[in-house]
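**Q** I have a structure I would like to understand better, so I am pasting it below and will then ask my questions one at a time.
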Amino acid sequence: MEWVANEYIEQTIEWEETIMEVNQRKINSNEKEITYTYIETGSPAVCFMFSGAGYTYEKPLFYYSTMIMLQNQYDVVHIHYAYDQDIFKHPLVDITKVIVNDINPVIAEVLQNHEYQGTVFLGKSLGTIPIINGIMKNERFTNAKMILLTPLLKFDSIFDGLLSSNHSAHIVIGEKDHHYIPDKIQAIENKPNISMNKIPHANHSLDIEPLNASRSITMLEGVMNRMEEFLKNIG
C-alpha cells in the first residue's frame, strides 16, 4: 500500500500549491486514531467523503469528485479509515456501527470549528453504508445532500434506507455491477428526491466492460458532469 500512500501525498501536494489550505489531521476516539485530510478554501459548504474498501481517494472517481467539489465552492474532507475484507463477514448493523464510530468524531470536529451553510456526504461502495444507515437517519443532517457511488443494494437495509429517505440524493451505478438489481433500481428511480445515473456496461468500479480505456474516460466525464448538475440544482 506504500505506493498508494505516496500517490495520495503527491496529489495533496499539488492541491497545496494552489490557493487552498490542505491539512492532514488526526483525532483519537474510542482508543483509535483516525486521520483525515481537510482541504479548505474558505467555502460556505463542505463535502465529507468516505472511500470504498479498496477504492481510495487517489483513484479517479474520488480525485475528480474532489475537483468538482472544490470548483463548486465546497471544502472537502477525506476520512482515512481502513478495514480488512473480513468486515463483510459481519452483520451490516455491526459494520455500520464500526464505520460510524470512526467517522463521527471527524465530522463533529470539522463542524464544531466551522459553521458551514451546506453539507454534502459522498461515499462509494463501503462508504455508502455509514451515509445510508447512519447519517441519513440523523436529524442533524436532515438538509444534507447525498452522493452515492455504487451503493450496496444487495443489502436490504441499504435499499430500505433509500426508499424511506427524503434527502436529496444522487446515485451512480453501473449496469454490470453485482449490486445493480433492476427491481430495486426501478423502485428507487420512482422517488422524486433521488436522481439516478445508470452507466451501461460499467462494473462496480465504474469501469466499462470489456475493458476499454477511452470509453471509461468518456464515462467518467459524464459522471462528473451529472454530479455537477446535481450540485447546482441543490445549491
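Letters A, B, ... go to the chains of the C-alpha cells in the order shown; residues in each chain start at 1; ligands are counted from 1 in the same order.
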Restrict the calculation to only C-alpha atoms, then for each residue of range 73-162 of chain A with any atom at most 9 Å from an atom of range 179-190 of chain A give the closest atom pair and their distance in Å to one decimal, rows by chain and rising residue number, as JSON lines.
**A**
```
{"residue": "A:Thr150", "atom": "CA", "partner": "A:His179", "partner_atom": "CA", "distance": 7.5}
{"residue": "A:Pro151", "atom": "CA", "partner": "A:His179", "partner_atom": "CA", "distance": 7.3}
{"residue": "A:Leu152", "atom": "CA", "partner": "A:His179", "partner_atom": "CA", "distance": 5.7}
{"residue": "A:Leu153", "atom": "CA", "partner": "A:His179", "partner_atom": "CA", "distance": 5.2}
{"residue": "A:Lys154", "atom": "CA", "partner": "A:His179", "partner_atom": "CA", "distance": 5.4}
{"residue": "A:Phe155", "atom": "CA", "partner": "A:His179", "partner_atom": "CA", "distance": 8.7}
{"residue": "A:Phe159", "atom": "CA", "partner": "A:Lys184", "partner_atom": "CA", "distance": 7.1}
{"residue": "A:Leu162", "atom": "CA", "partner": "A:Ile188", "partner_atom": "CA", "distance": 7.1}
```
**Q** What would the file look like if the residues just selected were written as a short mmCIF file (atom, residue, chain, number, x, y, z; two decimals), in the first residue's frame with C-alpha atoms?
**A**
```cif
data_model
loop_
_atom_site.label_atom_id
_atom_site.label_comp_id
_atom_site.auth_asym_id
_atom_site.auth_seq_id
_atom_site.Cartn_x
_atom_site.Cartn_y
_atom_site.Cartn_z
CA THR A 150 -22.18 2.19 -6.42
CA PRO A 151 -24.29 1.70 -3.27
CA LEU A 152 -24.53 -1.83 -1.91
CA LEU A 153 -28.12 -2.50 -2.91
CA LYS A 154 -27.91 -6.24 -2.27
CA PHE A 155 -28.27 -5.38 1.41
CA PHE A 159 -32.33 -0.43 -0.17
CA LEU A 162 -33.04 4.80 0.39
#
```
**Q** List every residue of range 56-209 of chain A that DSSP, applied to the backbone of this structure, places in strand (DSSP E), and write the result as a JSON list (two decimals) with N, CA and C atoms, in the first residue's frame.
**A**
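Just written: part37.json:
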```json
[["chain", "number", "residue", "atom", "x", "y", "z"],
["A", 74, "TYR", "N", -16.92, 24.08, -2.45],
["A", 74, "TYR", "CA", -17.04, 23.21, -1.28],
["A", 74, "TYR", "C", -15.66, 22.94, -0.71],
["A", 75, "ASP", "N", -15.51, 23.06, 0.60],
["A", 75, "ASP", "CA", -14.35, 22.48, 1.25],
["A", 75, "ASP", "C", -14.53, 20.96, 1.21],
["A", 76, "VAL", "N", -13.44, 20.21, 1.36],
["A", 76, "VAL", "CA", -13.52, 18.75, 1.24],
["A", 76, "VAL", "C", -12.78, 18.09, 2.40],
["A", 77, "VAL", "N", -13.39, 17.03, 2.93],
["A", 77, "VAL", "CA", -12.77, 16.23, 3.98],
["A", 77, "VAL", "C", -12.71, 14.78, 3.52],
["A", 78, "HIS", "N", -11.49, 14.24, 3.43],
["A", 78, "HIS", "CA", -11.28, 12.81, 3.14],
["A", 78, "HIS", "C", -11.01, 12.11, 4.47],
["A", 79, "ILE", "N", -11.85, 11.18, 4.85],
["A", 79, "ILE", "CA", -11.63, 10.44, 6.09],
["A", 79, "ILE", "C", -10.94, 9.11, 5.76],
["A", 80, "HIS", "N", -9.78, 8.88, 6.41],
["A", 80, "HIS", "CA", -8.94, 7.73, 6.07],
["A", 80, "HIS", "C", -9.16, 6.59, 7.07],
["A", 118, "GLY", "N", -23.93, 24.59, 4.13],
["A", 118, "GLY", "CA", -24.41, 23.40, 3.45],
["A", 118, "GLY", "C", -23.45, 22.23, 3.63],
["A", 119, "THR", "N", -24.01, 21.02, 3.58],
["A", 119, "THR", "CA", -23.20, 19.83, 3.77],
["A", 119, "THR", "C", -23.58, 18.76, 2.75],
["A", 120, "VAL", "N", -22.58, 18.16, 2.14],
["A", 120, "VAL", "CA", -22.76, 17.04, 1.22],
["A", 120, "VAL", "C", -21.95, 15.87, 1.74],
["A", 121, "PHE", "N", -22.54, 14.68, 1.68],
["A", 121, "PHE", "CA", -21.82, 13.46, 2.02],
["A", 121, "PHE", "C", -21.70, 12.61, 0.75],
["A", 122, "LEU", "N", -20.48, 12.23, 0.43],
["A", 122, "LEU", "CA", -20.22, 11.43, -0.78],
["A", 122, "LEU", "C", -19.47, 10.17, -0.40],
["A", 123, "GLY", "N", -20.02, 9.02, -0.81],
["A", 123, "GLY", "CA", -19.36, 7.76, -0.49],
["A", 123, "GLY", "C", -19.43, 6.80, -1.66],
["A", 124, "LYS", "N", -18.48, 5.88, -1.68],
["A", 124, "LYS", "CA", -18.50, 4.83, -2.69],
["A", 124, "LYS", "C", -18.50, 3.47, -2.02],
["A", 145, "LYS", "N", -27.13, 16.81, 1.65],
["A", 145, "LYS", "CA", -27.30, 16.17, 0.36],
["A", 145, "LYS", "C", -26.35, 14.97, 0.26],
["A", 146, "MET", "N", -26.78, 13.94, -0.47],
["A", 146, "MET", "CA", -26.02, 12.70, -0.55],
["A", 146, "MET", "C", -25.64, 12.35, -1.99],
["A", 147, "ILE", "N", -24.40, 11.95, -2.19],
["A", 147, "ILE", "CA", -23.95, 11.42, -3.47],
["A", 147, "ILE", "C", -23.44, 10.01, -3.21],
["A", 148, "LEU", "N", -24.09, 9.04, -3.83],
["A", 148, "LEU", "CA", -23.84, 7.63, -3.54],
["A", 148, "LEU", "C", -23.33, 6.93, -4.79],
["A", 149, "LEU", "N", -22.05, 6.60, -4.77],
["A", 149, "LEU", "CA", -21.43, 5.91, -5.90],
["A", 149, "LEU", "C", -21.45, 4.41, -5.63],
["A", 169, "ALA", "N", -30.69, 13.14, -3.08],
["A", 169, "ALA", "CA", -29.58, 12.21, -3.29],
["A", 169, "ALA", "C", -29.36, 11.97, -4.77],
["A", 170, "HIS", "N", -28.11, 11.69, -5.10],
["A", 170, "HIS", "CA", -27.73, 11.36, -6.47],
["A", 170, "HIS", "C", -26.98, 10.04, -6.43],
["A", 171, "ILE", "N", -27.45, 9.07, -7.21],
["A", 171, "ILE", "CA", -26.87, 7.73, -7.22],
["A", 171, "ILE", "C", -26.22, 7.47, -8.57],
["A", 172, "VAL", "N", -25.03, 6.89, -8.54],
["A", 172, "VAL", "CA", -24.35, 6.45, -9.75],
["A", 172, "VAL", "C", -24.06, 4.96, -9.61],
["A", 173, "ILE", "N", -24.49, 4.17, -10.60],
["A", 173, "ILE", "CA", -24.28, 2.73, -10.52],
["A", 173, "ILE", "C", -24.16, 2.15, -11.93],
["A", 174, "GLY", "N", -23.28, 1.18, -12.07],
["A", 174, "GLY", "CA", -23.08, 0.52, -13.36],
["A", 174, "GLY", "C", -24.07, -0.62, -13.54],
["A", 194, "ILE", "N", -34.59, 11.52, -5.52],
["A", 194, "ILE", "CA", -33.36, 10.83, -5.90],
["A", 194, "ILE", "C", -33.17, 10.89, -7.41],
["A", 195, "SER", "N", -31.99, 11.31, -7.84],
["A", 195, "SER", "CA", -31.63, 11.25, -9.25],
["A", 195, "SER", "C", -30.69, 10.05, -9.45],
["A", 196, "MET", "N", -30.84, 9.39, -10.57],
["A", 196, "MET", "CA", -30.10, 8.15, -10.83],
["A", 196, "MET", "C", -29.33, 8.26, -12.14],
["A", 197, "ASN", "N", -28.04, 7.92, -12.07],
["A", 197, "ASN", "CA", -27.20, 7.85, -13.27],
["A", 197, "ASN", "C", -26.78, 6.40, -13.46],
["A", 198, "LYS", "N", -27.46, 5.71, -14.37],
["A", 198, "LYS", "CA", -27.15, 4.31, -14.65],
["A", 198, "LYS", "C", -26.16, 4.25, -15.81],
["A", 199, "ILE", "N", -25.06, 3.53, -15.60],
["A", 199, "ILE", "CA", -23.99, 3.50, -16.59],
["A", 199, "ILE", "C", -23.98, 2.15, -17.31]]
```
**Q** Run DSSP on the backbone and give me the residues of chain A it puts in alpha helix (DSSP H), as an MDAnalysis selection string.
**A** chainID A and resid 2:16 60:71 92:113 128:133 156:164 182:189 213:234
**Q** Please tabulate, as a tab-separated table, the residues of range 27-63 of chain A that come within 12 Å of range 205-223 of chain A, each with its closest pair of atoms and the distance in Å to one decimal, counting only C-alpha atoms and ordering rows by chain, then residue number upward.
**A**
```
residue	atom	partner	partner_atom	distance
A:Gly52	CA	A:Ser205	CA	9.8
A:Ala53	CA	A:Ser205	CA	11.4
A:Gly54	CA	A:Ser205	CA	9.9
A:Tyr55	CA	A:Ser205	CA	7.9
A:Thr56	CA	A:Ser205	CA	11.2
A:Lys59	CA	A:Ser205	CA	10.1
A:Pro60	CA	A:Leu220	CA	8.1
A:Leu61	CA	A:Leu220	CA	7.4
A:Phe62	CA	A:Leu220	CA	10.9
A:Tyr63	CA	A:Leu220	CA	11.1
```
**Q** Considering only C-alpha atoms, state which residue in the set A:Glu40, A:Asp156, A:Glu139, A:Glu109 is at the smallest distance from Gln71 in chain A.
**A**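 Nearest candidate to Gln71 in chain A out of A:Glu40, A:Asp156, A:Glu139, A:Glu109: A:Glu40.
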**Q** Go through A:Gln117, A:Thr96, A:Asn72, A:Ser168 and flag the residue nearest Ile129 in chain A, using only C-alpha atoms for the distances.
**A**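 Going through A:Gln117, A:Thr96, A:Asn72, A:Ser168 one by one, the smallest distance to Ile129 in chain A is for A:Thr96.
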**Q** Take CA of Ile135 in chain A and CA of Glu21 in chain A and report the distance between them in Å, one decimal.
**A**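 Calculated distance between CA of Ile135 in chain A and CA of Glu21 in chain A is 26.6 Å.
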**Q** Near Val93 in chain A, within 12 Å and counting only C-alpha atoms, which residues show up once chain neighbours fewer than 6 positions away are dropped, as a VMD selection string?
**A** chain A and resid 87 99 to 100 129 to 130 132 to 134 155 to 158
**Q** List as a short mmCIF file (atom, residue, chain, number, x, y, z; two decimals) with N, CA, C and O atoms, in the first residue's frame the protein and nucleic acid residues near Tyr81 in chain A, meaning an atom at most 8 Å away when only C-alpha atoms are counted, but skip any in the same chain fewer than 3 places from it.
**A**
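Generated file (selection-v3.cif):
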```cif
data_model
loop_
_atom_site.label_atom_id
_atom_site.label_comp_id
_atom_site.auth_asym_id
_atom_site.auth_seq_id
_atom_site.Cartn_x
_atom_site.Cartn_y
_atom_site.Cartn_z
N ILE A 34 -7.85 8.16 14.11
CA ILE A 34 -8.38 8.32 12.76
C ILE A 34 -7.73 9.55 12.13
O ILE A 34 -7.68 10.61 12.75
N THR A 35 -7.22 9.40 10.92
CA THR A 35 -6.63 10.54 10.22
C THR A 35 -7.60 11.04 9.14
O THR A 35 -8.41 10.28 8.62
N ASP A 102 -16.09 5.57 13.64
CA ASP A 102 -14.82 6.13 13.16
C ASP A 102 -15.01 7.51 12.52
O ASP A 102 -14.15 8.39 12.67
#
```
**Q** To one decimal place in Å, what is the distance between CA of Ser51 in chain A and CA of Pro192 in chain A?
**A**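 Result for CA of Ser51 in chain A versus CA of Pro192 in chain A: 26.6 Å, one decimal.
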**Q** Distance CA of Gly161 in chain A-CA of Ile131 in chain A, one decimal place?
**A** 9.8 Å
